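Visitor: The following block contains the structure, expressed as structure tokens.
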Amino acid sequence: MISPILVRPVGFNLGGWLSQSDLSDKHVESFIRKSDFEAISKWGFNSIRLPVDGPWLFEDEGRGRLSPKRLAFLKEVLGWARDAKLLTILDMHQVPWHSFAKPELDNLWKNDEDLSSFCGLWVELAHALKGMDAPLWFDILNEPTAS
């Protein structure tokens with residue numbers, strides 16, 4: 001296993017898989033596979049950046065609890081990365097209260113309740129992933145912006 005503390009990430013961004021796409025089950029289950037992680041590692045890379053949309057991972061369009069089905073899939077993916085000796089940088093790409101692509105959606109910076117909800121998502125996710133036997137870094141929020 002690689003040490004996440006002593007590594008300089010050099011790898012691939014896996015955008016368009018669990019973020020920035022239609023996120024249908026068919027897409028998620030077929031767009032990237034375990035063999036892709038193995039190929040990335042064989043090419044000499046040591047990491048992947050995994051953008052994930054909050055509305056895909058959390059119920060109620062990103063405002064609710066973690067989806068058990070999607071959490072199980074995420075853990076499987078983290079296992080693929082571990083098996084390929086890849087560090088995963090988990091990027092919370094979109095959340096209901098912030099989007100770098102939609103400047104009008106900036107409640108995260110203006111509403112304490114929304115900020116608290118966002119922090120709650122991360123508390124739940126970090127707790128669910130605690131103890132994973134896989135090198136994992138968190139990119140708390142993709143391209144934070146504030147007006």
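Going through the structure tokens in order, the chains are called A, B, and so on, while each chain numbers its residues from 1 and the ligands are numbered from 1 in the order shown.
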Pick out each residue of chain A that DSSP on the backbone tags as helix (DSSP H, G or I); I need them as a count of residues only.
Guide: 60
Visitor: I'd like the contact shell of A:Cys119 - 12 Å cut-off, only C-alpha atoms, skipping same-chain residues fewer than 3 positions apart - returned as a list in words.
Guide: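 Everything that qualifies: Arg63, Met92, Val95, Trp97, Leu108, Asp112, Glu113, Asp114, Leu115, Ser116, Trp122, Val123, Glu124, Leu125, Ala126, Ile140 and Leu141 of chain A.
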Visitor: Which residues are close to A:Ser41, i.e. within 10 Å by only C-alpha atoms, leaving aside same-chain residues fewer than 2 positions away? Reply as a PyMOL selection string.
Guide: chain A and resi 11+35-39+43-48+81+83-86
Visitor: Find the distance between atom CA of A:Glu104 and atom CA of A:Trp137 and write it in Å to one decimal.
Guide: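 Atom CA of A:Glu104 sits 28.6 Å away from atom CA of A:Trp137.
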Visitor: Please provide as a list of chain:residue names all residues within 12 Å of stretch 68-71 of chain A, with the sequence filter that same-chain residues fewer than 2 positions apart are discarded (counting only C-alpha atoms).
Guide: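 Here the answer would be A:Leu18, A:Leu23, A:Ser24, A:Asp25, A:Val28, A:Glu29, A:Val52, A:Asp53, A:Gly54, A:Pro55, A:Trp56, A:Leu57, A:Phe58, A:Glu59, A:Gly64, A:Arg65, A:Leu66, A:Phe73, A:Leu74, A:Lys75, A:Glu76, A:Val77, A:Leu78, A:Glu124, A:Leu125, A:Ala126, A:His127, A:Ala128, A:Leu129.
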Visitor: Just C-alpha atoms for this one: save the residues we selected as a PDB file, in the first residue's frame.
Guide:
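Saved the output as part.pdb:
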```pdb
ATOM      1  CA  LEU A  18     -19.970  10.044 -10.727  1.00  0.00           C
ATOM      2  CA  LEU A  23     -25.656   9.547 -13.335  1.00  0.00           C
ATOM      3  CA  SER A  24     -28.033   6.792 -14.420  1.00  0.00           C
ATOM      4  CA  ASP A  25     -27.299   3.337 -13.018  1.00  0.00           C
ATOM      5  CA  VAL A  28     -22.335   4.568 -13.431  1.00  0.00           C
ATOM      6  CA  GLU A  29     -21.988   0.792 -13.761  1.00  0.00           C
ATOM      7  CA  VAL A  52     -18.737  12.871  -6.918  1.00  0.00           C
ATOM      8  CA  ASP A  53     -21.949  14.867  -7.034  1.00  0.00           C
ATOM      9  CA  GLY A  54     -23.672  15.194  -3.665  1.00  0.00           C
ATOM     10  CA  PRO A  55     -27.123  14.656  -5.215  1.00  0.00           C
ATOM     11  CA  TRP A  56     -25.908  11.273  -6.503  1.00  0.00           C
ATOM     12  CA  LEU A  57     -24.336  10.146  -3.220  1.00  0.00           C
ATOM     13  CA  PHE A  58     -26.869  11.549  -0.768  1.00  0.00           C
ATOM     14  CA  GLU A  59     -30.619  11.016  -0.820  1.00  0.00           C
ATOM     15  CA  GLY A  64     -30.523  13.820   2.947  1.00  0.00           C
ATOM     16  CA  ARG A  65     -28.656  10.841   4.356  1.00  0.00           C
ATOM     17  CA  LEU A  66     -26.060   8.846   2.464  1.00  0.00           C
ATOM     18  CA  PHE A  73     -20.608   1.302  -4.657  1.00  0.00           C
ATOM     19  CA  LEU A  74     -18.236   4.087  -3.582  1.00  0.00           C
ATOM     20  CA  LYS A  75     -16.544   1.721  -1.135  1.00  0.00           C
ATOM     21  CA  GLU A  76     -16.185  -0.846  -3.915  1.00  0.00           C
ATOM     22  CA  VAL A  77     -14.548   1.790  -6.119  1.00  0.00           C
ATOM     23  CA  LEU A  78     -12.175   2.758  -3.295  1.00  0.00           C
ATOM     24  CA  GLU A 124     -21.574  11.510   7.706  1.00  0.00           C
ATOM     25  CA  LEU A 125     -19.354  10.658   4.735  1.00  0.00           C
ATOM     26  CA  ALA A 126     -16.115  10.791   6.755  1.00  0.00           C
ATOM     27  CA  HIS A 127     -17.661   8.590   9.430  1.00  0.00           C
ATOM     28  CA  ALA A 128     -18.887   6.099   6.792  1.00  0.00           C
ATOM     29  CA  LEU A 129     -15.422   5.894   5.217  1.00  0.00           C
TER      30      LEU A 129
END
```
Visitor: Measuring atom to atom with only C-alpha atoms, identify which of A:Pro96, A:Lys42, A:Pro9, A:Ser30 is nearest to A:Leu121.
Guide: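 Result for the nearest residue to A:Leu121: A:Pro96.
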Visitor: May I have the residues within 6 Å of A:Ile89 as a ChimeraX atom specification, using only C-alpha atoms and disregarding those fewer than 6 positions away in the same chain?
Guide: /A:49-50,136-138
Visitor: Would you write out those residues with N, CA and C atoms, as a short mmCIF file (atom, residue, chain, number, x, y, z; two decimals), in the first residue's frame?
Guide:
```cif
data_model
loop_
_atom_site.label_atom_id
_atom_site.label_comp_id
_atom_site.auth_asym_id
_atom_site.auth_seq_id
_atom_site.Cartn_x
_atom_site.Cartn_y
_atom_site.Cartn_z
N ARG A 49 -8.38 11.25 -9.13
CA ARG A 49 -9.27 12.24 -8.52
C ARG A 49 -10.67 11.81 -8.90
N LEU A 50 -11.50 11.63 -7.89
CA LEU A 50 -12.83 11.08 -8.10
C LEU A 50 -13.89 12.13 -7.76
N LEU A 136 -6.79 7.66 1.03
CA LEU A 136 -7.90 8.53 0.65
C LEU A 136 -7.67 9.94 1.15
N TRP A 137 -7.78 10.90 0.25
CA TRP A 137 -7.75 12.32 0.59
C TRP A 137 -9.10 12.90 0.23
N PHE A 138 -9.49 13.95 0.94
CA PHE A 138 -10.76 14.62 0.67
C PHE A 138 -10.51 15.99 0.05
#
```
Visitor: Between atom CA of A:Glu143 and atom CA of A:Ser19, what is the distance in Å, rounded to a tenth?
Guide: 14.0 Å
Visitor: Distance atom CA of A:Gly16-atom CA of A:Gly131, one decimal place?
Guide: 27.4 Å
Visitor: From a DSSP calculation on the backbone, collect every residue of stretch 38-121 of chain A in strand (DSSP E) and output the set as a ChimeraX atom specification.
Guide: /A:47-53,87-94
Visitor: Could you write those residues out with all heavy atoms, as a tab-separated table (two decimals), in the first residue's frame?
Guide:
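What follows is the written file again20.tsv:
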```tsv
chain	number	residue	atom	x	y	z
A	47	SER	N	-2.39	7.98	-8.60
A	47	SER	CA	-3.59	8.52	-7.98
A	47	SER	C	-4.71	8.71	-8.99
A	47	SER	O	-4.48	8.76	-10.20
A	47	SER	CB	-3.28	9.86	-7.31
A	47	SER	OG	-2.90	10.81	-8.28
A	48	ILE	N	-5.90	8.83	-8.43
A	48	ILE	CA	-7.08	9.25	-9.21
A	48	ILE	C	-7.78	10.34	-8.42
A	48	ILE	O	-7.75	10.35	-7.19
A	48	ILE	CB	-8.06	8.08	-9.46
A	48	ILE	CG1	-8.52	7.45	-8.15
A	48	ILE	CG2	-7.48	7.05	-10.41
A	48	ILE	CD1	-9.87	6.80	-8.22
A	49	ARG	N	-8.38	11.25	-9.13
A	49	ARG	CA	-9.27	12.24	-8.52
A	49	ARG	C	-10.67	11.81	-8.90
A	49	ARG	O	-10.97	11.61	-10.08
A	49	ARG	CB	-8.98	13.65	-9.04
A	49	ARG	CG	-9.89	14.71	-8.44
A	49	ARG	CD	-9.44	16.11	-8.91
A	49	ARG	NE	-10.25	17.16	-8.37
A	49	ARG	CZ	-11.29	17.71	-9.01
A	49	ARG	NH1	-11.65	17.29	-10.23
A	49	ARG	NH2	-11.98	18.69	-8.45
A	50	LEU	N	-11.50	11.63	-7.89
A	50	LEU	CA	-12.83	11.08	-8.10
A	50	LEU	C	-13.89	12.13	-7.76
A	50	LEU	O	-14.31	12.25	-6.60
A	50	LEU	CB	-13.02	9.82	-7.24
A	50	LEU	CG	-14.33	9.07	-7.39
A	50	LEU	CD1	-14.52	8.56	-8.81
A	50	LEU	CD2	-14.37	7.91	-6.40
A	51	PRO	N	-14.34	12.92	-8.75
A	51	PRO	CA	-15.42	13.87	-8.49
A	51	PRO	C	-16.74	13.11	-8.28
A	51	PRO	O	-17.08	12.21	-9.05
A	51	PRO	CB	-15.49	14.71	-9.77
A	51	PRO	CG	-14.19	14.47	-10.46
A	51	PRO	CD	-13.78	13.08	-10.09
A	52	VAL	N	-17.45	13.49	-7.24
A	52	VAL	CA	-18.74	12.87	-6.92
A	52	VAL	C	-19.74	13.99	-6.66
A	52	VAL	O	-19.45	14.92	-5.90
A	52	VAL	CB	-18.62	11.96	-5.68
A	52	VAL	CG1	-19.97	11.40	-5.30
A	52	VAL	CG2	-17.62	10.84	-5.92
A	53	ASP	N	-20.89	13.89	-7.28
A	53	ASP	CA	-21.95	14.87	-7.03
A	53	ASP	C	-22.73	14.48	-5.79
A	53	ASP	O	-23.19	13.33	-5.66
A	53	ASP	CB	-22.91	14.95	-8.22
A	53	ASP	CG	-22.34	15.76	-9.37
A	53	ASP	OD1	-21.27	16.38	-9.20
A	53	ASP	OD2	-22.98	15.78	-10.45
A	87	LEU	N	-3.84	6.15	-4.85
A	87	LEU	CA	-4.44	7.08	-3.91
A	87	LEU	C	-5.71	7.63	-4.54
A	87	LEU	O	-5.71	7.93	-5.74
A	87	LEU	CB	-3.45	8.23	-3.62
A	87	LEU	CG	-4.01	9.51	-3.01
A	87	LEU	CD1	-4.36	9.29	-1.55
A	87	LEU	CD2	-3.02	10.64	-3.16
A	88	THR	N	-6.77	7.78	-3.76
A	88	THR	CA	-7.99	8.41	-4.26
A	88	THR	C	-8.14	9.78	-3.62
A	88	THR	O	-8.06	9.90	-2.39
A	88	THR	CB	-9.24	7.56	-3.94
A	88	THR	OG1	-9.11	6.29	-4.56
A	88	THR	CG2	-10.50	8.24	-4.45
A	89	ILE	N	-8.37	10.78	-4.45
A	89	ILE	CA	-8.73	12.11	-3.98
A	89	ILE	C	-10.22	12.25	-4.26
A	89	ILE	O	-10.64	12.39	-5.40
A	89	ILE	CB	-7.92	13.20	-4.70
A	89	ILE	CG1	-6.42	12.95	-4.51
A	89	ILE	CG2	-8.33	14.59	-4.20
A	89	ILE	CD1	-5.53	13.73	-5.44
A	90	LEU	N	-11.02	12.17	-3.20
A	90	LEU	CA	-12.47	12.21	-3.32
A	90	LEU	C	-12.92	13.67	-3.31
A	90	LEU	O	-12.75	14.38	-2.33
A	90	LEU	CB	-13.12	11.44	-2.17
A	90	LEU	CG	-14.64	11.37	-2.17
A	90	LEU	CD1	-15.15	10.65	-3.42
A	90	LEU	CD2	-15.13	10.67	-0.92
A	91	ASP	N	-13.47	14.12	-4.43
A	91	ASP	CA	-13.87	15.51	-4.64
A	91	ASP	C	-15.38	15.63	-4.58
A	91	ASP	O	-16.08	15.02	-5.38
A	91	ASP	CB	-13.36	15.96	-6.02
A	91	ASP	CG	-14.03	17.24	-6.49
A	91	ASP	OD1	-13.99	18.24	-5.76
A	91	ASP	OD2	-14.58	17.23	-7.62
A	92	MET	N	-15.89	16.41	-3.61
A	92	MET	CA	-17.32	16.70	-3.58
A	92	MET	C	-17.56	17.78	-4.62
A	92	MET	O	-17.30	18.96	-4.40
A	92	MET	CB	-17.75	17.17	-2.19
A	92	MET	CG	-19.25	17.28	-2.05
A	92	MET	SD	-20.18	15.74	-2.28
A	92	MET	CE	-19.61	14.77	-0.89
A	93	HIS	N	-18.03	17.36	-5.78
A	93	HIS	CA	-18.04	18.24	-6.94
A	93	HIS	C	-19.23	19.20	-6.96
A	93	HIS	O	-19.07	20.37	-7.26
A	93	HIS	CB	-18.00	17.41	-8.21
A	93	HIS	CG	-17.44	18.16	-9.37
A	93	HIS	ND1	-16.09	18.40	-9.50
A	93	HIS	CD2	-18.03	18.74	-10.43
A	93	HIS	CE1	-15.88	19.10	-10.60
A	93	HIS	NE2	-17.04	19.31	-11.18
A	94	GLN	N	-20.39	18.69	-6.69
A	94	GLN	CA	-21.59	19.53	-6.68
A	94	GLN	C	-22.37	19.23	-5.40
A	94	GLN	O	-22.47	18.07	-4.99
A	94	GLN	CB	-22.49	19.20	-7.88
A	94	GLN	CG	-21.88	19.44	-9.22
A	94	GLN	CD	-21.86	20.91	-9.62
A	94	GLN	OE1	-22.50	21.75	-9.02
A	94	GLN	NE2	-21.09	21.21	-10.64
```
Visitor: Of the residues A:Glu61, A:Ala134, A:Arg33, A:Ser67, which is the one nearest to A:Arg82, using only C-alpha atoms?
Guide: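 Of the candidates, the smallest distance to A:Arg82 is held by A:Ala134.
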